[in-house]
Each structure stands twice: as structure tokens, then as C-alpha cells.
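Participant: input_36.pdb is the file, holding PDB, C-alpha atoms, pLDDT in the B column:
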```pdb
ATOM      1  CA  MET A 239      77.214 103.597 119.967  1.00 55.00           C
ATOM      2  CA  THR A 240      80.938 103.927 119.535  1.00 52.00           C
ATOM      3  CA  PRO A 241      82.353 107.478 119.444  1.00 52.00           C
ATOM      4  CA  PRO A 242      82.131 108.945 115.938  1.00 53.00           C
ATOM      5  CA  ALA A 243      85.259 108.441 113.895  1.00 52.00           C
ATOM      6  CA  ALA A 244      87.029 111.473 112.508  1.00 51.00           C
ATOM      7  CA  GLU A 245      85.551 112.368 109.147  1.00 50.00           C
ATOM      8  CA  PRO A 246      87.607 113.248 106.077  1.00 49.00           C
ATOM      9  CA  GLY A 247      88.346 116.921 105.630  1.00 48.00           C
ATOM     10  CA  PRO A 248      86.989 119.036 102.787  1.00 50.00           C
ATOM     11  CA  ILE A 249      89.941 118.199 100.514  1.00 47.00           C
ATOM     12  CA  ALA A 250      89.084 114.476 100.709  1.00 76.00           C
ATOM     13  CA  ARG A 251      85.423 114.985  99.785  1.00 87.00           C
ATOM     14  CA  PRO A 252      84.594 113.692  96.303  1.00 93.00           C
ATOM     15  CA  PRO A 253      82.224 116.087  94.512  1.00 93.00           C
ATOM     16  CA  GLY A 254      78.676 115.092  95.344  1.00 94.00           C
ATOM     17  CA  ALA A 255      79.482 112.989  98.385  1.00 96.00           C
ATOM     18  CA  VAL A 256      77.780 113.513 101.745  1.00 96.00           C
ATOM     19  CA  PHE A 257      79.286 113.196 105.211  1.00 96.00           C
ATOM     20  CA  PRO A 258      77.246 111.500 107.966  1.00 96.00           C
ATOM     21  CA  HIS A 259      76.622 114.697 109.933  1.00 96.00           C
ATOM     22  CA  GLU A 260      75.034 116.253 106.820  1.00 96.00           C
ATOM     23  CA  ILE A 261      72.380 113.536 106.466  1.00 97.00           C
ATOM     24  CA  PRO A 262      69.638 115.276 108.529  1.00 96.00           C
ATOM     25  CA  ASP A 263      69.782 118.302 106.209  1.00 95.00           C
ATOM     26  CA  ILE A 264      69.682 116.053 103.132  1.00 94.00           C
ATOM     27  CA  LEU A 265      66.666 114.147 104.435  1.00 94.00           C
ATOM     28  CA  ARG A 266      64.681 117.321 105.087  1.00 91.00           C
ATOM     29  CA  GLU A 267      64.642 117.892 101.336  1.00 85.00           C
ATOM     30  CA  ALA A 268      64.080 114.244 100.362  1.00 89.00           C
ATOM     31  CA  THR A 269      60.797 112.864  99.083  1.00 87.00           C
ATOM     32  CA  GLY A 270      59.638 109.266  99.251  1.00 92.00           C
ATOM     33  CA  PRO A 271      60.398 106.485 101.761  1.00 97.00           C
ATOM     34  CA  LEU A 272      64.026 106.303 102.888  1.00 98.00           C
ATOM     35  CA  GLU A 273      66.104 103.160 102.354  1.00 98.00           C
ATOM     36  CA  VAL A 274      69.762 102.780 103.329  1.00 98.00           C
ATOM     37  CA  GLU A 275      72.442 100.486 101.921  1.00 97.00           C
ATOM     38  CA  ILE A 276      75.239  99.712 104.371  1.00 96.00           C
ATOM     39  CA  GLY A 277      78.569  98.968 102.674  1.00 93.00           C
ATOM     40  CA  MET A 278      77.541  99.837  99.113  1.00 93.00           C
ATOM     41  CA  GLY A 279      80.946  99.061  97.562  1.00 90.00           C
ATOM     42  CA  ASN A 280      81.138 100.529  94.068  1.00 92.00           C
ATOM     43  CA  GLY A 281      77.417 101.320  93.982  1.00 94.00           C
ATOM     44  CA  HIS A 282      76.117  98.575  91.667  1.00 93.00           C
ATOM     45  CA  PHE A 283      73.073  97.781  93.805  1.00 94.00           C
ATOM     46  CA  LEU A 284      72.462 101.408  94.783  1.00 96.00           C
ATOM     47  CA  ALA A 285      72.384 102.730  91.221  1.00 96.00           C
ATOM     48  CA  GLU A 286      70.237  99.946  89.790  1.00 95.00           C
ATOM     49  CA  TYR A 287      67.813  99.789  92.719  1.00 95.00           C
ATOM     50  CA  ALA A 288      67.356 103.566  92.809  1.00 96.00           C
ATOM     51  CA  SER A 289      66.812 103.654  89.050  1.00 96.00           C
ATOM     52  CA  ARG A 290      64.118 100.966  89.224  1.00 95.00           C
ATOM     53  CA  ASN A 291      62.434 102.540  92.255  1.00 96.00           C
ATOM     54  CA  PRO A 292      62.146 106.281  91.530  1.00 96.00           C
ATOM     55  CA  GLY A 293      59.603 106.756  94.322  1.00 96.00           C
ATOM     56  CA  LEU A 294      62.189 105.866  96.973  1.00 97.00           C
ATOM     57  CA  PHE A 295      65.054 107.936  98.379  1.00 98.00           C
ATOM     58  CA  LEU A 296      68.272 105.960  98.800  1.00 98.00           C
ATOM     59  CA  LEU A 297      71.397 106.514 100.881  1.00 98.00           C
ATOM     60  CA  GLY A 298      74.445 104.399 100.068  1.00 97.00           C
ATOM     61  CA  VAL A 299      77.067 104.247 102.823  1.00 97.00           C
ATOM     62  CA  GLU A 300      80.738 103.444 102.218  1.00 95.00           C
ATOM     63  CA  ARG A 301      83.907 104.311 104.137  1.00 93.00           C
ATOM     64  CA  LYS A 302      86.398 103.814 101.272  1.00 93.00           C
ATOM     65  CA  ARG A 303      86.835 106.946  99.188  1.00 94.00           C
ATOM     66  CA  HIS A 304      87.718 105.252  95.873  1.00 94.00           C
ATOM     67  CA  ARG A 305      84.505 103.213  96.039  1.00 94.00           C
ATOM     68  CA  VAL A 306      82.495 106.347  96.784  1.00 97.00           C
ATOM     69  CA  VAL A 307      83.972 107.973  93.669  1.00 96.00           C
ATOM     70  CA  ARG A 308      82.934 104.989  91.536  1.00 96.00           C
ATOM     71  CA  ALA A 309      79.417 104.975  92.976  1.00 97.00           C
ATOM     72  CA  LEU A 310      79.013 108.701  92.363  1.00 97.00           C
ATOM     73  CA  LYS A 311      80.079 108.235  88.751  1.00 97.00           C
ATOM     74  CA  LYS A 312      77.394 105.581  88.266  1.00 96.00           C
ATOM     75  CA  LEU A 313      74.683 107.867  89.655  1.00 97.00           C
ATOM     76  CA  GLN A 314      75.869 110.832  87.629  1.00 96.00           C
ATOM     77  CA  THR A 315      76.248 108.872  84.375  1.00 96.00           C
ATOM     78  CA  ALA A 316      72.723 107.474  84.670  1.00 96.00           C
ATOM     79  CA  SER A 317      71.277 110.792  85.955  1.00 97.00           C
ATOM     80  CA  ILE A 318      69.749 109.158  89.018  1.00 96.00           C
ATOM     81  CA  PRO A 319      68.245 111.902  91.239  1.00 95.00           C
ATOM     82  CA  ASN A 320      66.864 109.850  94.142  1.00 97.00           C
ATOM     83  CA  ALA A 321      70.096 108.534  95.672  1.00 97.00           C
ATOM     84  CA  ARG A 322      72.963 110.037  97.662  1.00 97.00           C
ATOM     85  CA  VAL A 323      76.363 108.586  98.513  1.00 98.00           C
ATOM     86  CA  VAL A 324      77.662 108.900 102.072  1.00 97.00           C
ATOM     87  CA  LEU A 325      81.405 108.811 102.749  1.00 96.00           C
ATOM     88  CA  GLY A 326      81.828 107.545 106.286  1.00 95.00           C
ATOM     89  CA  GLY A 327      81.310 104.717 108.737  1.00 93.00           C
ATOM     90  CA  ALA A 328      77.951 103.005 109.011  1.00 94.00           C
ATOM     91  CA  GLU A 329      77.883 103.473 112.793  1.00 94.00           C
ATOM     92  CA  ASN A 330      78.173 107.236 112.304  1.00 95.00           C
ATOM     93  CA  VAL A 331      75.239 107.142 109.882  1.00 96.00           C
ATOM     94  CA  LEU A 332      73.102 105.170 112.326  1.00 96.00           C
ATOM     95  CA  ASP A 333      73.840 107.782 114.982  1.00 95.00           C
ATOM     96  CA  VAL A 334      72.180 110.570 112.968  1.00 96.00           C
ATOM     97  CA  LEU A 335      69.101 108.708 111.693  1.00 96.00           C
ATOM     98  CA  GLY A 336      65.986 109.626 113.604  1.00 94.00           C
ATOM     99  CA  PRO A 337      63.613 107.078 115.163  1.00 96.00           C
ATOM    100  CA  ALA A 338      61.156 105.445 112.758  1.00 96.00           C
ATOM    101  CA  THR A 339      62.548 107.195 109.674  1.00 96.00           C
ATOM    102  CA  VAL A 340      63.866 104.286 107.581  1.00 98.00           C
ATOM    103  CA  GLU A 341      61.755 101.969 105.454  1.00 97.00           C
ATOM    104  CA  ALA A 342      64.525  99.429 104.837  1.00 96.00           C
ATOM    105  CA  PHE A 343      68.213  98.681 105.358  1.00 97.00           C
ATOM    106  CA  HIS A 344      70.121  96.690 102.739  1.00 96.00           C
ATOM    107  CA  VAL A 345      73.183  94.856 104.064  1.00 94.00           C
ATOM    108  CA  TYR A 346      74.823  92.700 101.406  1.00 92.00           C
ATOM    109  CA  PHE A 347      78.110  90.804 101.548  1.00 87.00           C
ATOM    110  CA  LEU A 348      79.872  92.764 104.268  1.00 83.00           C
ATOM    111  CA  ASP A 349      83.277  91.587 105.452  1.00 76.00           C
ATOM    112  CA  PRO A 350      82.359  88.394 107.364  1.00 63.00           C
ATOM    113  CA  TRP A 351      85.487  88.343 109.557  1.00 53.00           C
ATOM    114  CA  PRO A 352      85.446  84.521 109.427  1.00 60.00           C
ATOM    115  CA  LYS A 353      88.109  83.874 112.061  1.00 63.00           C
ATOM    116  CA  THR A 354      86.647  83.288 115.513  1.00 62.00           C
ATOM    117  CA  ARG A 355      88.889  85.842 117.179  1.00 62.00           C
ATOM    118  CA  HIS A 356      87.809  88.503 114.674  1.00 58.00           C
ATOM    119  CA  ARG A 357      84.019  88.021 114.821  1.00 68.00           C
ATOM    120  CA  LYS A 358      83.649  90.879 117.273  1.00 77.00           C
ATOM    121  CA  ARG A 359      84.547  93.178 114.362  1.00 72.00           C
ATOM    122  CA  ARG A 360      81.459  92.223 112.379  1.00 81.00           C
ATOM    123  CA  PHE A 361      79.049  95.049 111.671  1.00 87.00           C
ATOM    124  CA  LEU A 362      75.989  93.124 112.804  1.00 87.00           C
ATOM    125  CA  ARG A 363      76.133  93.063 116.590  1.00 90.00           C
ATOM    126  CA  MET A 364      73.398  93.366 119.196  1.00 91.00           C
ATOM    127  CA  GLU A 365      74.187  97.061 119.562  1.00 92.00           C
ATOM    128  CA  THR A 366      74.011  97.957 115.873  1.00 94.00           C
ATOM    129  CA  VAL A 367      70.953  95.805 115.207  1.00 94.00           C
ATOM    130  CA  GLY A 368      69.180  97.558 118.099  1.00 94.00           C
ATOM    131  CA  VAL A 369      69.945 100.978 116.628  1.00 95.00           C
ATOM    132  CA  MET A 370      68.813  99.856 113.184  1.00 96.00           C
ATOM    133  CA  PHE A 371      65.479  98.664 114.574  1.00 95.00           C
ATOM    134  CA  ARG A 372      65.040 101.967 116.395  1.00 95.00           C
ATOM    135  CA  ALA A 373      65.506 103.760 113.054  1.00 97.00           C
ATOM    136  CA  LEU A 374      63.053 101.504 111.206  1.00 97.00           C
ATOM    137  CA  ARG A 375      59.427 102.446 110.760  1.00 96.00           C
ATOM    138  CA  PRO A 376      56.856  99.880 111.927  1.00 95.00           C
ATOM    139  CA  GLY A 377      56.849  97.193 109.272  1.00 92.00           C
ATOM    140  CA  GLY A 378      60.330  98.279 108.124  1.00 94.00           C
ATOM    141  CA  ARG A 379      62.865  95.685 107.026  1.00 94.00           C
ATOM    142  CA  ILE A 380      66.514  94.715 107.229  1.00 94.00           C
ATOM    143  CA  HIS A 381      67.666  92.750 104.176  1.00 94.00           C
ATOM    144  CA  PHE A 382      70.814  90.735 104.865  1.00 93.00           C
ATOM    145  CA  MET A 383      72.819  88.508 102.512  1.00 92.00           C
ATOM    146  CA  THR A 384      76.164  86.780 103.007  1.00 91.00           C
ATOM    147  CA  ASP A 385      78.199  83.880 101.683  1.00 86.00           C
ATOM    148  CA  MET A 386      79.103  82.865 105.266  1.00 87.00           C
ATOM    149  CA  LEU A 387      76.634  80.432 106.848  1.00 90.00           C
ATOM    150  CA  ASP A 388      77.953  81.305 110.304  1.00 88.00           C
ATOM    151  CA  TYR A 389      77.281  85.016 109.786  1.00 88.00           C
ATOM    152  CA  PHE A 390      73.827  84.234 108.388  1.00 91.00           C
ATOM    153  CA  LEU A 391      72.909  82.204 111.487  1.00 91.00           C
ATOM    154  CA  GLN A 392      74.311  84.928 113.761  1.00 90.00           C
ATOM    155  CA  ALA A 393      72.215  87.545 111.946  1.00 91.00           C
ATOM    156  CA  LYS A 394      69.025  85.489 112.302  1.00 91.00           C
ATOM    157  CA  ILE A 395      69.615  85.098 116.038  1.00 91.00           C
ATOM    158  CA  LEU A 396      70.286  88.826 116.469  1.00 92.00           C
ATOM    159  CA  PHE A 397      67.153  89.728 114.531  1.00 92.00           C
ATOM    160  CA  LEU A 398      64.977  87.383 116.570  1.00 90.00           C
ATOM    161  CA  LEU A 399      66.432  88.650 119.852  1.00 90.00           C
ATOM    162  CA  SER A 400      65.581  92.176 118.711  1.00 88.00           C
ATOM    163  CA  GLY A 401      61.930  91.219 118.314  1.00 87.00           C
ATOM    164  CA  ALA A 402      61.910  90.972 114.530  1.00 85.00           C
ATOM    165  CA  VAL A 403      59.531  88.898 112.498  1.00 80.00           C
ATOM    166  CA  SER A 404      62.000  86.839 110.471  1.00 65.00           C
ATOM    167  CA  THR A 405      60.864  85.499 107.123  1.00 64.00           C
ATOM    168  CA  GLU A 406      62.630  83.615 104.363  1.00 62.00           C
ATOM    169  CA  SER A 407      62.118  85.246 100.980  1.00 70.00           C
ATOM    170  CA  GLU A 408      63.950  86.357  97.876  1.00 75.00           C
ATOM    171  CA  PRO A 409      66.134  89.494  97.969  1.00 79.00           C
ATOM    172  CA  PRO A 410      65.538  92.386  95.583  1.00 83.00           C
ATOM    173  CA  VAL A 411      66.626  91.308  92.127  1.00 77.00           C
ATOM    174  CA  GLU A 412      69.251  94.085  92.085  1.00 79.00           C
ATOM    175  CA  ALA A 413      71.074  92.439  95.006  1.00 78.00           C
ATOM    176  CA  HIS A 414      72.135  89.660  92.616  1.00 69.00           C
ATOM    177  CA  HIS A 415      73.922  92.133  90.340  1.00 69.00           C
ATOM    178  CA  SER A 416      76.676  93.334  92.662  1.00 73.00           C
ATOM    179  CA  VAL A 417      80.311  92.388  92.101  1.00 71.00           C
ATOM    180  CA  TYR A 418      80.331  89.944  95.005  1.00 71.00           C
ATOM    181  CA  ALA A 419      77.009  88.350  94.088  1.00 71.00           C
ATOM    182  CA  ALA A 420      78.221  87.788  90.527  1.00 68.00           C
ATOM    183  CA  ARG A 421      81.508  86.365  91.792  1.00 74.00           C
ATOM    184  CA  PHE A 422      79.787  83.909  94.113  1.00 73.00           C
ATOM    185  CA  ARG A 423      77.363  82.906  91.357  1.00 72.00           C
ATOM    186  CA  ASP A 424      80.216  82.275  88.919  1.00 71.00           C
ATOM    187  CA  THR A 425      82.129  80.160  91.432  1.00 74.00           C
ATOM    188  CA  GLY A 426      79.061  78.273  92.647  1.00 74.00           C
ATOM    189  CA  THR A 427      79.448  79.618  96.185  1.00 76.00           C
ATOM    190  CA  PRO A 428      76.152  79.382  98.119  1.00 81.00           C
ATOM    191  CA  THR A 429      74.718  82.626  99.471  1.00 84.00           C
ATOM    192  CA  HIS A 430      72.283  83.039 102.348  1.00 85.00           C
ATOM    193  CA  TYR A 431      69.558  85.656 102.677  1.00 90.00           C
ATOM    194  CA  VAL A 432      67.126  86.720 105.391  1.00 90.00           C
ATOM    195  CA  VAL A 433      64.805  89.659 105.804  1.00 92.00           C
ATOM    196  CA  ALA A 434      63.885  90.815 109.305  1.00 92.00           C
ATOM    197  CA  ARG A 435      60.717  92.849 109.665  1.00 92.00           C
ATOM    198  CA  LYS A 436      59.986  95.237 112.526  1.00 93.00           C
ATOM    199  CA  PRO A 437      56.544  94.454 114.000  1.00 89.00           C
TER     200      PRO A 437
END
```
Spit out the file's structure as C-alpha cells when you get a sec.

Facilitator:
Amino acid sequence: MTPPAAEPGPIARPPGAVFPHEIPDILREATGPLEVEIGMGNGHFLAEYASRNPGLFLLGVERKRHRVVRALKKLQTASIPNARVVLGGAENVLDVLGPATVEAFHVYFLDPWPKTRHRKRRFLRMETVGVMFRALRPGGRIHFMTDMLDYFLQAKILFLLSGAVSTESEPPVEAHHSVYAARFRDTGTPTHYVVARKP
């Protein structure tokens, strides 16, 4: 993995937010299967999915502080106890997740970096997919959705190369309620979804 990025200092921490290095302590007190949303934005999916699935424990990961603040407000307003918001980079979160500890990753509408010269900046790369599969329990899943056909095809190839059982299916209903999903639906932009399952 890449070297951990410098984390925000205590002054930058929104009340209730978690830093990546604190995740192991949080998980020791968690109950229920762990699921992780990478790039949660303002927390629309996280709050709704956690509310509808009280038996799960959810981590939402976001590097932009203002989005973390909005997500925390959603959880606090709805009194959702089974979700935590992580302020930091997804790679740093992957670094602290133990082997076979995650039931599912949710990766929806990340920056697709559509220009050819920028594709190396995409989150889904062979390295990150390998670490995600290490963190998944047997039978665990990676849910991926994008509006970019090229990124969708790249993800399917990466999943297959990692030994995943790739199946076409419908995403969780809450994935359709995010800001980006609603925007694409309103504009008629096609979206592409795949779930990769660890054997």
C-alpha cells in the first residue's frame, strides 16, 4: 500500500468522526457483520442503509471534511447507532482492516478519472482490490456502481483477476438514493453495477 497520508489534527476533527488509525478500537466494541462504504459523500447511502439494516455495523469513509460533517449530522438527526464516519483516505482504512473481517464493501460513483492519462488515479487498481479481498470474509462482496462504462469494465476485469465470482444483480435499493444516483436518473445517464463475491 501507499504510505499513509498525514491525518488531520485534533482541531480539524468534527465531533463524532473517527480517524483511520482508531478503527481497530472501534471495531472491538462493534456488534454485527462489518460493511464499509468507500467514498460516502454526504452520507445518503450510509444513513439509509444503516437505518434499514440495524443488525449490521457500518463504516463510511470520506476524505473531505465538509462531507463528513454532513454525514454525521444525518446519523445524529436520525439517531442511527450502528454506523461510524471515518475522516481519511480509503487506502489508510484498508491498511488497518484485519484479514477476513469485512462482510461487504460498497463503492458507488467514485471519481472515474475519465481521461486516459489520469486513469492511474482511480481507486480501483490491482493493489487496492487485492487488499479489499484480503479483508473480505469468505463469501464477502464488493458492490461497485459507476456511470462510466470504461471504469465498469475495468472493475470487472480486476475482480476476475483477483479470483472473484462475478455476478450481475441489482444493487441495494439505498444505492439508488444518493445524490449522484438521483442526478444520473434525472438526466437519463446509464449506470453500471457489478458485485464481486469472494469464494

Participant: Any chance you could work out the residue set of the PyMOL selection byres ((chain A and resi 387) around 10) here, as a PyMOL selection string?

Facilitator: chain A and resi 350+383-386+388-393+428-431

Participant: What do you get, as an MDAnalysis selection string, if you spell out every residue that the PyMOL selection byres ((chain A and resi 283) around 7) selects here?

Facilitator: chainID A and resid 281:282 284:287 412:413 415:416

Participant: With only C-alpha atoms as the atoms that count, which of A:Ile395, A:Leu297, A:Leu272, A:Val411 lies nearest to Arg363 of chain A?

Facilitator: A:Ile395

Participant: So what do you get for atom CA of Met364 of chain A versus atom CA of Val334 of chain A, distance-wise?

Facilitator: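 Between these atoms lies a distance of 18.3 Å.
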
Participant: List every protein, DNA or RNA residue that has at least one atom no more than 12 Å from (76.0, 106.6, 87.6) in the file's coordinates, counting all atoms listed in the file, and write the result as a ChimeraX atom specification.

Facilitator: /A:254,280-289,306-323

Participant: Measuring atom to atom with all atoms listed in the file, identify which of A:Val433, A:Val403, A:Ala419, A:Val256 is nearest to Phe347 of chain A.

Facilitator: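 Among A:Val433, A:Val403, A:Ala419, A:Val256, it is A:Ala419 that comes nearest to Phe347 of chain A.
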
Participant: Please evaluate the PyMOL selection byres ((chain A and resi 257) around 8) against the displayed coordinates and give the resulting residues as an NGL selection string.

Facilitator: :A and (245 or 255-256 or 258-261 or 324-326)

Participant: Using all atoms listed in the file and a cutoff of 9 Å, can you tell me which residues are near (82.8, 103.3, 103.1) in the file's coordinates, and write them out as a PyMOL selection string?

Facilitator: chain A and resi 276-279+298-306+324-328

Participant: Go ahead and save the residues from that selection, with C-alpha atoms, as a PDB file, in the coordinates of the input.

Facilitator:
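Contents of again_7.pdb, as written:
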```
ATOM      1  CA  ILE A 276      75.239  99.712 104.371  1.00 96.00           C
ATOM      2  CA  GLY A 277      78.569  98.968 102.674  1.00 93.00           C
ATOM      3  CA  MET A 278      77.541  99.837  99.113  1.00 93.00           C
ATOM      4  CA  GLY A 279      80.946  99.061  97.562  1.00 90.00           C
ATOM      5  CA  GLY A 298      74.445 104.399 100.068  1.00 97.00           C
ATOM      6  CA  VAL A 299      77.067 104.247 102.823  1.00 97.00           C
ATOM      7  CA  GLU A 300      80.738 103.444 102.218  1.00 95.00           C
ATOM      8  CA  ARG A 301      83.907 104.311 104.137  1.00 93.00           C
ATOM      9  CA  LYS A 302      86.398 103.814 101.272  1.00 93.00           C
ATOM     10  CA  ARG A 303      86.835 106.946  99.188  1.00 94.00           C
ATOM     11  CA  HIS A 304      87.718 105.252  95.873  1.00 94.00           C
ATOM     12  CA  ARG A 305      84.505 103.213  96.039  1.00 94.00           C
ATOM     13  CA  VAL A 306      82.495 106.347  96.784  1.00 97.00           C
ATOM     14  CA  VAL A 324      77.662 108.900 102.072  1.00 97.00           C
ATOM     15  CA  LEU A 325      81.405 108.811 102.749  1.00 96.00           C
ATOM     16  CA  GLY A 326      81.828 107.545 106.286  1.00 95.00           C
ATOM     17  CA  GLY A 327      81.310 104.717 108.737  1.00 93.00           C
ATOM     18  CA  ALA A 328      77.951 103.005 109.011  1.00 94.00           C
TER      19      ALA A 328
END
```

Participant: Taking every listed atom of segment 314-323 of chain A and adding 5 Å to each side, what centre and edge lengths in Å (one decimal) does the axis-aligned box have, as JSON?

Facilitator:
```
{"center_x": 71.6, "center_y": 109.7, "center_z": 91.4, "size_x": 19.5, "size_y": 14.4, "size_z": 24.1}
```

Participant: Record the distance separating atom CA of Leu374 of chain A and atom CA of Leu332 of chain A, expressed in Å with one decimal.

Facilitator: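 We find that atom CA of Leu374 of chain A and atom CA of Leu332 of chain A lie 10.8 Å from each other.
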
Participant: Atom CA of Val369 of chain A to atom CA of Val274 of chain A: how many Å, to one decimal?

Facilitator: 13.4 Å

Participant: Determine the nearest neighbour of Pro337 of chain A from the options A:Phe422, A:Phe361, A:Phe371, A:Phe295, counting all atoms listed in the file.

Facilitator: A:Phe371

Participant: Counting only C-alpha atoms, figure out which residue out of A:Leu265, A:Val417, A:Ala434, A:Ala250 gets nearest to Ala342 of chain A.

Facilitator: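 Nearest candidate to Ala342 of chain A out of A:Leu265, A:Val417, A:Ala434, A:Ala250: A:Ala434.
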
Participant: Rank A:Arg375, A:Arg251, A:Val331, A:Arg435 by their smallest atom-to-atom distance to Pro271 of chain A, using only C-alpha atoms, and report the top residue only.

Facilitator: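 Closest candidate: A:Arg375.
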